[in-house]
$ cat input-v2.tsv   # TSV, C-alpha atoms
chain	number	residue	atom	x	y	z
A	161	ILE	CA	26.08	33.74	50.44
A	162	THR	CA	29.68	34.43	49.55
A	163	VAL	CA	32.36	33.95	52.20
A	164	TRP	CA	35.79	35.10	51.08
A	165	ARG	CA	38.38	32.28	51.11
A	166	MET	CA	35.79	29.74	52.31
A	167	PRO	CA	34.15	28.20	49.22
A	168	GLU	CA	32.69	25.34	51.27
A	169	LEU	CA	30.53	27.90	53.12
A	170	SER	CA	29.63	29.85	49.99
A	171	GLY	CA	26.84	29.12	47.56
A	172	GLY	CA	23.16	29.49	46.78
A	173	PHE	CA	21.10	28.35	49.74
A	174	VAL	CA	17.35	28.21	50.24
A	175	VAL	CA	15.71	29.91	53.21
A	176	ALA	CA	13.59	27.27	54.96
A	177	SER	CA	10.01	27.86	56.06
A	178	ASP	CA	11.20	28.51	59.63
A	179	GLY	CA	13.39	31.40	58.35
A	180	THR	CA	16.76	29.68	58.71
A	181	VAL	CA	19.30	28.97	55.98
A	182	ARG	CA	19.00	25.45	54.61
A	183	HIS	CA	22.61	24.31	55.05
A	184	PRO	CA	24.06	21.88	57.66
A	185	LEU	CA	26.19	24.59	59.29
A	186	TYR	CA	23.88	27.60	58.83
A	187	GLN	CA	20.71	25.78	59.93
A	188	ASN	CA	20.48	27.74	63.21
A	189	VAL	CA	20.97	31.16	61.60
A	190	ALA	CA	17.61	32.92	61.11
A	191	VAL	CA	17.64	35.37	58.20
A	192	ALA	CA	14.02	35.74	57.06
A	193	GLY	CA	12.09	38.93	57.70
A	194	ILE	CA	15.07	41.05	58.70
A	195	PRO	CA	17.06	43.67	56.78
A	196	LEU	CA	19.86	42.37	54.56
A	197	ALA	CA	22.56	44.06	56.69
A	198	ASP	CA	21.26	42.29	59.80
A	199	ALA	CA	21.28	38.94	58.01
A	200	GLU	CA	24.90	39.53	56.95
A	201	ASP	CA	25.78	40.42	60.56
A	202	ARG	CA	24.17	37.21	61.86
A	203	ILE	CA	26.07	35.07	59.36
A	204	ARG	CA	29.31	36.96	60.04
A	205	GLU	CA	28.83	36.41	63.79
A	206	PHE	CA	28.21	32.71	63.21
A	207	LEU	CA	31.34	32.41	61.04
A	208	ARG	CA	33.53	33.94	63.76
A	209	ARG	CA	33.67	30.41	65.18
A	210	PHE	CA	35.82	29.43	62.18
A	211	GLU	CA	37.67	32.65	61.31
A	212	THR	CA	38.51	35.83	63.23
A	213	ASP	CA	37.30	38.36	60.64
A	214	PRO	CA	35.10	36.65	58.03
A	215	GLN	CA	34.20	38.66	54.94
A	216	VAL	CA	30.59	37.93	53.95
A	217	SER	CA	28.24	39.21	51.31
A	218	ILE	CA	24.66	38.13	50.66
A	219	ASP	CA	22.89	38.54	47.34
A	220	PRO	CA	19.26	37.47	47.86
A	221	LEU	CA	17.36	35.83	45.02
A	222	LEU	CA	13.59	35.45	44.90
A	223	ARG	CA	11.89	32.46	43.28
A	224	VAL	CA	9.34	33.34	40.62
A	225	GLY	CA	7.52	30.94	38.31
A	226	VAL	CA	6.83	32.02	34.72
A	227	SER	CA	4.78	29.82	32.39
A	228	GLY	CA	2.16	29.89	29.67
A	229	GLU	CA	3.03	31.26	26.24
A	230	VAL	CA	6.77	31.67	26.90
A	231	ARG	CA	9.77	29.95	25.30
A	232	LEU	CA	11.43	28.97	28.59
A	233	PRO	CA	8.81	28.26	31.26
A	234	ASN	CA	10.65	27.74	34.52
A	235	LEU	CA	11.10	28.62	38.16
A	236	TYR	CA	13.53	31.55	38.12
A	237	ALA	CA	15.76	32.88	40.90
A	238	LEU	CA	15.82	36.66	40.37
A	239	PRO	CA	17.17	39.62	42.32
A	240	PRO	CA	14.61	41.54	44.41
A	241	GLU	CA	14.88	44.61	42.16
A	242	ALA	CA	13.59	42.66	39.13
A	243	THR	CA	10.17	43.66	37.82
A	244	LEU	CA	7.29	41.49	36.67
A	245	ALA	CA	7.91	42.59	33.07
A	246	GLN	CA	11.57	41.58	33.34
A	247	ALA	CA	10.60	38.16	34.67
A	248	VAL	CA	8.34	37.61	31.65
A	249	ALA	CA	11.04	38.94	29.30
A	250	ILE	CA	13.61	36.50	30.70
A	251	ALA	CA	11.21	33.62	30.02
A	252	GLY	CA	10.77	34.91	26.44
A	253	PRO	CA	7.13	35.44	25.46
A	254	THR	CA	6.16	33.75	22.21
A	255	GLU	CA	4.48	35.46	19.25
A	256	ARG	CA	1.17	34.11	20.50
A	257	GLY	CA	1.67	35.35	24.06
A	258	ARG	CA	-0.69	38.08	25.25
A	259	LEU	CA	1.34	40.58	27.23
A	260	ASP	CA	-1.86	42.57	27.71
A	261	ARG	CA	-3.29	39.64	29.72
A	262	VAL	CA	-0.73	38.20	32.14
A	263	ARG	CA	-2.10	36.43	35.19
A	264	LEU	CA	-0.25	36.99	38.47
A	265	LEU	CA	-0.82	34.68	41.41
A	266	ARG	CA	0.55	36.36	44.55
A	267	GLU	CA	-0.12	35.33	48.14
A	268	GLY	CA	-3.19	33.33	47.15
A	269	ARG	CA	-4.79	36.16	45.14
A	270	GLU	CA	-5.11	36.35	41.38
A	271	TYR	CA	-4.51	39.52	39.35
A	272	TYR	CA	-4.61	40.22	35.60
A	273	LEU	CA	-1.94	42.60	34.35
A	274	ASP	CA	-1.48	44.53	31.13
A	275	LEU	CA	2.29	44.75	30.64
A	276	THR	CA	1.82	46.72	27.40
A	277	ASP	CA	0.09	49.67	29.08
A	278	THR	CA	2.75	52.40	29.10
A	279	GLU	CA	0.62	54.80	31.16
A	280	SER	CA	0.32	52.52	34.19
A	281	ASN	CA	3.16	51.38	36.41
A	282	VAL	CA	2.13	47.73	36.22
A	283	SER	CA	5.18	46.66	34.22
A	284	GLN	CA	7.41	48.28	36.85
A	285	LEU	CA	5.97	46.34	39.80
A	286	ARG	CA	8.69	44.43	41.60
A	287	ILE	CA	8.59	40.68	41.97
A	288	GLN	CA	7.94	38.97	45.29
A	289	SER	CA	9.12	35.55	46.29
A	290	GLY	CA	6.56	32.96	45.30
A	291	ASP	CA	5.00	34.99	42.47
A	292	GLN	CA	3.57	32.92	39.64
A	293	LEU	CA	3.14	34.54	36.24
A	294	TRP	CA	1.09	32.98	33.43
A	295	VAL	CA	1.19	34.55	29.95
A	296	GLU	CA	-2.09	33.80	28.20
A	297	ARG	CA	-2.33	32.64	24.58
A	298	ARG	CA	-3.64	34.87	21.82
A	299	VAL	CA	-6.55	33.13	20.07
A	300	SER	CA	-6.23	32.79	16.31
A	301	ILE	CA	-9.57	31.92	14.71
A	302	TRP	CA	-7.86	30.89	11.49
A	303	ARG	CA	-5.23	28.66	13.11
A	304	GLU	CA	-7.48	27.11	15.74
A	305	TYR	CA	-10.84	26.77	13.99
A	306	ILE	CA	-10.90	27.41	10.24
A	307	ALA	CA	-7.70	25.60	9.20
A	308	PRO	CA	-8.46	22.42	11.18
A	309	GLY	CA	-12.06	22.53	9.93
A	310	GLY	CA	-10.80	22.80	6.35
A	311	SER	CA	-8.49	19.83	6.89
A	312	ILE	CA	-11.34	17.74	8.26
A	313	ALA	CA	-13.64	18.78	5.40
A	314	SER	CA	-11.02	17.85	2.78
A	315	ALA	CA	-10.46	14.49	4.49
A	316	ILE	CA	-14.21	13.78	4.43
A	317	ILE	CA	-14.47	14.80	0.77
A	318	SER	CA	-11.52	12.53	-0.08
A	319	LEU	CA	-13.12	9.65	1.81
A	320	ILE	CA	-16.46	10.16	0.05
A	321	ASN	CA	-14.66	10.36	-3.29
A	322	ILE	CA	-12.88	7.03	-2.61
A	323	LEU	CA	-16.07	5.31	-1.38
A	324	THR	CA	-18.19	6.44	-4.37
A	325	ARG	CA	-15.82	5.09	-7.04
$ encode --input "input-v2.tsv" --output "structure tokens"
Amino acid sequence: ITVWRMPELSGGFVVASDGTVRHPLYQNVAVAGIPLADAEDRIREFLRRFETDPQVSIDPLLRVGVSGEVRLPNLYALPPEATLAQAVAIAGPTERGRLDRVRLLREGREYYLDLTDTESNVSQLRIQSGDQLWVERRVSIWREYIAPGGSIASAIISLINILTR
């Protein structure tokens, strides 16, 4: 919420579970589940107690969690027009991240997405507040099985060599 010439009433505020703005002054203003213009009107009407013609703008941000094989796993506040692919891109998938197997947890349901499929519109799906994205790890047989096995084998051979001297 940005209120012109009133920085103490401006800022990033969370919408509480009851649909009101979580701020000591705005706590009775319900903004959830209504169009953005109506929410601005409600806040403008509330602010008329303090100023005759308050100038208000609201830029909603949705919270989305991105984790797994990404460089910056975090809870992100993104604009509603952001896509699932953009959310993953902001978190920075690693070289081992599987963009063809991204798990989406939305409203208690689990979906697997292929963000590399150019023929489907999956990568263009818009985020929803509360989405959780998990980028799975690409399995490397060499890195995860053969190389550690070789290290263990060489350690055992070295130990046998020392014990038999």
$ residues_near_point --input "input-v2.tsv" --point "(4.6, 41.3, 42.4)" --cutoff "9 Å" --atoms "only C-alpha atoms" --output "PyMOL selection string"
chain A and resi 243-244+264-266+285-289+291-292
$ closest_residue --input "input-v2.tsv" --among "A:Tyr272, A:Phe210, A:Trp164, A:Phe173" --to "Leu259 of chain A" --atoms "all atoms listed in the file"
A:Tyr272
$ closest_residue --input "input-v2.tsv" --among "A:Glu229, A:Arg263, A:Ser314, A:Asp198" --to "Ala251 of chain A" --atoms "all atoms listed in the file"
A:Glu229
$ residues_around --input "input-v2.tsv" --residues "segment 273-280 of chain A" --least-positions-apart "2" --cutoff "8 Å" --atoms "all atoms listed in the file" --output "list in words"
Ala245, Leu259, Asp260, Arg261, Val262, Arg263, Leu264, Tyr271, Val282 and Ser283 of chain A
$ write_last_selection --input "input-v2.tsv" --atoms "C-alpha atoms" --output "mmCIF file, in the frame of the given file"
data_model
loop_
_atom_site.group_PDB
_atom_site.id
_atom_site.type_symbol
_atom_site.label_atom_id
_atom_site.label_comp_id
_atom_site.auth_asym_id
_atom_site.auth_seq_id
_atom_site.Cartn_x
_atom_site.Cartn_y
_atom_site.Cartn_z
ATOM 1 C CA ALA A 245 7.910 42.590 33.070
ATOM 2 C CA LEU A 259 1.340 40.580 27.230
ATOM 3 C CA ASP A 260 -1.860 42.570 27.710
ATOM 4 C CA ARG A 261 -3.290 39.640 29.720
ATOM 5 C CA VAL A 262 -0.730 38.200 32.140
ATOM 6 C CA ARG A 263 -2.100 36.430 35.190
ATOM 7 C CA LEU A 264 -0.250 36.990 38.470
ATOM 8 C CA TYR A 271 -4.510 39.520 39.350
ATOM 9 C CA VAL A 282 2.130 47.730 36.220
ATOM 10 C CA SER A 283 5.180 46.660 34.220
#
$ atom_distance --input "input-v2.tsv" --atom1 "atom CA of Arg202 of chain A" --atom2 "atom CA of Val216 of chain A"
10.2 Å
$ atom_distance --input "input-v2.tsv" --atom1 "atom CA of Ala313 of chain A" --atom2 "atom CA of Arg298 of chain A"
25.1 Å
$ residues_around --input "input-v2.tsv" --residues "Leu238 of chain A" --least-positions-apart "3" --cutoff "8 Å" --atoms "all atoms listed in the file" --output "list in words"
Leu221, Leu222, Arg223, Val224, Ala242 and Ala247 of chain A
$ closest_residue --input "input-v2.tsv" --among "A:Ser311, A:Thr162, A:Gln215, A:Gln284" --to "Gln246 of chain A" --atoms "all atoms listed in the file"
A:Gln284
$ residues_around --input "input-v2.tsv" --residues "Ser170 of chain A" --least-positions-apart "2" --cutoff "12 Å" --atoms "all atoms listed in the file" --output "PyMOL selection string"
chain A and resi 161-168+172-173+181+183+185-186+203+207+214-219
